[in-house]
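A quick write-up on the structure given underneath.
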Amino acid sequence: MLTVSNLTKRFGGFTAVDHVSFSLEQGEILGLIGPNGSGKSTTFNLIAGTLAPTEGSISFLGQEIGGQRPMDVCHLGIGRTFQIPRPFKRLSILENVAVAAYYGQNGRVSRQQAWAQAEEALGLVNLPTDAKASVDGLGAAGLKKLELARALATQPKLLLADESLGGLDEQEMDQAADMLSMIRREKNITIIWVEHIMGVLMRVVDRVMVLDHGEKISEGLPREVASDPRVVEVYLGS
Ligand code: ADP
Ligand code: MG
């Protein structure tokens, strides 16, 4: 589904993502982990079109998407969440998601369809679908769910989920992990899930890839990666 080759991003003289290559099969959940500042969000921004690669290529369903505009990448079927949720505060929960459904599909759906897709996405993440429910009352876990619903409402084939566990307690983390697992199973959506900690992610993903200082240092099954000496060193040393 996705083939990333030699992906590199430099900001001036600083290399945030350094010749990273990986591929992703349809239906997989790939965990992408690494310490803070290791290049995880930058990798997402490169795939989603928020940033253009300095070098390398990104092929999605056979089409080169490196350097394309975010909205075009979204229309091709890549949905992404942001590490820091920034909902429209004056819109209701439902309106926030409906806006994503409508504009994320570039007017290929009617307004009525967009509302229906918004309700469906909110149902998947267990948020209220009534028209008046406000964003104001949402805590950290609620905002993460809203972020997920906004991405799902664009009807993605590939979902990029960035730090879905940030600010959550233990029980909420478990629920978030189960939710991503359910989304893959029920909606047949392929997922790349970024976290800086291993934690519950390791229970749910098929494969894990580890970044450190922008470089891929390990990749494999969760239990292989968790015992890889290079990974242990990075996590104990950080
Ligand atoms: P992660 O998500 O793994 O915590 P990021 O991808 O956000 O890390 O950042 C990787 C590195 O690139 C960090 O050192 C960060 O400061 C730097 N970086 C990210 N975005 C920019 C930018 N727009 N300009 C300059 N440096 C950036
Ligand atoms: Mg990040």
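In the structure tokens, each chain is lettered A, B, ... as it comes, each chain's residues begin at 1, and ligands are numbered from 1 in order of appearance.
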With only C-alpha atoms and all ligand atoms counted, collect every polymer residue having an atom within 9 Å of ligand 1; state the result as a JSON list (two decimals) with C-alpha atoms, in the first residue's frame.
```json
[["chain", "number", "residue", "atom", "x", "y", "z"],
["A", 9, "LYS", "CA", 14.05, 15.85, 5.63],
["A", 10, "ARG", "CA", 16.56, 18.54, 6.48],
["A", 11, "PHE", "CA", 15.73, 21.78, 8.24],
["A", 12, "GLY", "CA", 18.74, 23.92, 7.32],
["A", 14, "PHE", "CA", 19.71, 19.65, 10.74],
["A", 15, "THR", "CA", 18.52, 16.26, 9.49],
["A", 16, "ALA", "CA", 15.20, 15.36, 11.15],
["A", 17, "VAL", "CA", 14.51, 12.28, 8.99],
["A", 33, "ILE", "CA", 8.16, 4.54, 18.00],
["A", 34, "GLY", "CA", 11.20, 6.50, 19.10],
["A", 35, "PRO", "CA", 12.21, 9.07, 21.73],
["A", 36, "ASN", "CA", 10.98, 12.67, 21.56],
["A", 37, "GLY", "CA", 12.58, 14.47, 18.63],
["A", 38, "SER", "CA", 13.44, 11.27, 16.74],
["A", 39, "GLY", "CA", 11.50, 12.33, 13.61],
["A", 40, "LYS", "CA", 8.15, 10.55, 14.00],
["A", 41, "SER", "CA", 5.84, 13.52, 13.46],
["A", 42, "THR", "CA", 8.09, 14.81, 10.68],
["A", 43, "THR", "CA", 7.71, 11.44, 8.93],
["A", 44, "PHE", "CA", 3.91, 11.82, 9.19],
["A", 45, "ASN", "CA", 4.10, 15.38, 7.90],
["A", 51, "LEU", "CA", 6.15, 18.99, 4.50],
["A", 83, "GLN", "CA", -0.35, 15.21, 18.04],
["A", 162, "ASP", "CA", 0.10, 10.56, 16.02],
["A", 163, "GLU", "CA", 0.56, 10.07, 19.78],
["A", 194, "VAL", "CA", 3.13, 6.77, 16.36],
["A", 195, "GLU", "CA", 3.98, 6.82, 20.08],
["A", 196, "HIS", "CA", 7.12, 7.80, 21.94],
["A", 211, "LEU", "CA", 13.49, 5.85, 14.88],
["A", 212, "ASP", "CA", 16.37, 7.49, 16.72],
["A", 213, "HIS", "CA", 17.81, 10.84, 15.61],
["A", 214, "GLY", "CA", 15.89, 10.49, 12.35]]
```
**Request:** Give me every strand (DSSP E) residue in stretch 38-234 of chain A, going by DSSP on the backbone, as an MDAnalysis selection string.
**Result:** chainID A and resid 55:60 63:64 78:80 158:162 190:195 207:212 215:220
Quick one: residues within 8 Å of stretch 179-191 of chain A, only C-alpha atoms counted, chain neighbours fewer than 5 positions away excluded, as a PDB file with C-alpha atoms, in the first residue's frame?
```
ATOM      1  CA  GLU A  25       0.863  -3.916   3.526  1.00  0.00           C
ATOM      2  CA  GLN A  26      -2.852  -3.280   3.199  1.00  0.00           C
ATOM      3  CA  GLY A  27      -4.585  -4.094   6.502  1.00  0.00           C
ATOM      4  CA  GLU A  28      -1.506  -3.827   8.727  1.00  0.00           C
ATOM      5  CA  ILE A  29      -1.013  -1.810  11.885  1.00  0.00           C
ATOM      6  CA  LEU A  30       2.564  -0.580  11.971  1.00  0.00           C
ATOM      7  CA  LEU A 124     -16.792   4.510  16.101  1.00  0.00           C
ATOM      8  CA  VAL A 125     -14.958   6.540  18.754  1.00  0.00           C
ATOM      9  CA  PRO A 156      -9.220   7.067   4.697  1.00  0.00           C
ATOM     10  CA  LYS A 157      -7.676   3.871   3.393  1.00  0.00           C
ATOM     11  CA  LEU A 158      -4.576   4.648   5.464  1.00  0.00           C
ATOM     12  CA  LEU A 159      -4.758   6.313   8.879  1.00  0.00           C
ATOM     13  CA  LEU A 160      -1.746   8.066  10.411  1.00  0.00           C
ATOM     14  CA  ALA A 161      -2.364   8.303  14.163  1.00  0.00           C
ATOM     15  CA  VAL A 204      -1.932  -4.148  19.184  1.00  0.00           C
TER      16      VAL A 204
END
```
Quick one: residues within 9 Å of stretch 216-218 of chain A, only C-alpha atoms counted, chain neighbours fewer than 4 positions away excluded, as a JSON list (two decimals) with N, CA and C atoms, in the first residue's frame?
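Writing the result to result.json gives the following:
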```json
[["chain", "number", "residue", "atom", "x", "y", "z"],
["A", 17, "VAL", "N", 14.81, 13.63, 9.48],
["A", 17, "VAL", "CA", 14.51, 12.28, 8.99],
["A", 17, "VAL", "C", 15.62, 11.92, 8.02],
["A", 18, "ASP", "N", 16.28, 10.76, 8.27],
["A", 18, "ASP", "CA", 17.55, 10.48, 7.60],
["A", 18, "ASP", "C", 17.50, 9.17, 6.81],
["A", 19, "HIS", "N", 17.20, 9.27, 5.52],
["A", 19, "HIS", "CA", 17.20, 8.09, 4.64],
["A", 19, "HIS", "C", 16.40, 6.91, 5.22],
["A", 20, "VAL", "N", 15.16, 7.17, 5.56],
["A", 20, "VAL", "CA", 14.29, 6.13, 6.12],
["A", 20, "VAL", "C", 13.54, 5.42, 5.00],
["A", 21, "SER", "N", 13.57, 4.09, 5.02],
["A", 21, "SER", "CA", 12.82, 3.28, 4.06],
["A", 21, "SER", "C", 11.97, 2.26, 4.82],
["A", 208, "VAL", "N", 6.68, -3.26, 14.32],
["A", 208, "VAL", "CA", 7.14, -2.00, 14.91],
["A", 208, "VAL", "C", 8.40, -1.53, 14.18],
["A", 209, "MET", "N", 8.50, -0.22, 14.05],
["A", 209, "MET", "CA", 9.71, 0.38, 13.49],
["A", 209, "MET", "C", 10.17, 1.44, 14.49],
["A", 210, "VAL", "N", 11.47, 1.53, 14.70],
["A", 210, "VAL", "CA", 11.99, 2.46, 15.70],
["A", 210, "VAL", "C", 12.89, 3.50, 15.05],
["A", 211, "LEU", "N", 12.63, 4.76, 15.35],
["A", 211, "LEU", "CA", 13.49, 5.85, 14.88],
["A", 211, "LEU", "C", 14.31, 6.38, 16.05],
["A", 212, "ASP", "N", 15.53, 6.79, 15.75],
["A", 212, "ASP", "CA", 16.37, 7.49, 16.72],
["A", 212, "ASP", "C", 17.19, 8.51, 15.94],
["A", 225, "VAL", "N", 11.58, -6.49, 18.46],
["A", 225, "VAL", "CA", 12.05, -5.11, 18.60],
["A", 225, "VAL", "C", 12.27, -4.76, 20.07],
["A", 228, "ASP", "N", 15.62, -5.94, 21.09],
["A", 228, "ASP", "CA", 16.75, -5.52, 20.27],
["A", 228, "ASP", "C", 17.67, -4.61, 21.10],
["A", 230, "ARG", "N", 19.83, -2.39, 20.45],
["A", 230, "ARG", "CA", 19.88, -0.97, 20.06],
["A", 230, "ARG", "C", 18.67, -0.21, 20.57],
["A", 231, "VAL", "N", 17.52, -0.90, 20.59],
["A", 231, "VAL", "CA", 16.29, -0.26, 21.05],
["A", 231, "VAL", "C", 16.33, -0.11, 22.57]]
```
**Prompt:** Counting only C-alpha atoms, what is within 6 Å of A:Trp115, bar same-chain residues fewer than 3 positions away, as number ranges by chain?
**Reply:** A: 98, 112, 118
**Message:** Just want the 7 Å neighbourhood of A:Pro53, counted on only C-alpha atoms, with same-chain residues fewer than 6 positions away dropped. Output as a list in words.
**Reply:** Leu7, Thr8, Lys9, Leu46, Gly66 and Gly67 of chain A
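Relative to atom CA of A:Gly104, atom CA of A:Cys74 is found at 6.2 Å.
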**Message:** For the structure I just gave you, how does DSSP split stretch 50-222 of chain A - specifically, which residues are helix (DSSP H, G or I)? Reply as a PyMOL selection string.
**Reply:** chain A and resi 70-76+93-104+111-124+140-152+170-187+201-204+222
Do you know which residues are at most 9 Å from A:Arg69 counting only C-alpha atoms, after dropping those on the same chain fewer than 4 positions away, and could you put them as a PDB file with C-alpha atoms, in the first residue's frame?
```pdb
ATOM      1  CA  ALA A  48       0.596  13.680   4.619  1.00  0.00           C
ATOM      2  CA  GLY A  49       2.047  16.480   2.481  1.00  0.00           C
ATOM      3  CA  THR A  50       2.425  19.017   5.286  1.00  0.00           C
ATOM      4  CA  LEU A  51       6.151  18.994   4.502  1.00  0.00           C
ATOM      5  CA  ALA A  52       7.958  18.242   1.240  1.00  0.00           C
ATOM      6  CA  ILE A  65       2.781  11.481  -3.288  1.00  0.00           C
ATOM      7  CA  VAL A  73      -3.066  13.461  -0.194  1.00  0.00           C
ATOM      8  CA  CYS A  74      -6.203  13.427   1.966  1.00  0.00           C
TER       9      CYS A  74
END
```
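Considering only C-alpha atoms, the residue among A:Arg80, A:Gly31, A:Val97, A:Val232 positioned nearest to A:Val205 is A:Gly31.
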**Prompt:** Between A:Leu24, A:Gln113, A:Ile84, A:Gly77, which has the minimum distance to ligand 2 (counting only C-alpha atoms and all ligand atoms)?
**Reply:** A:Ile84
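For the choices A:Gly79, A:Gly237, A:Gly166, A:Gly142, the atom-to-atom distance to ligand 2 is smallest for A:Gly166 when using only C-alpha atoms and all ligand atoms.
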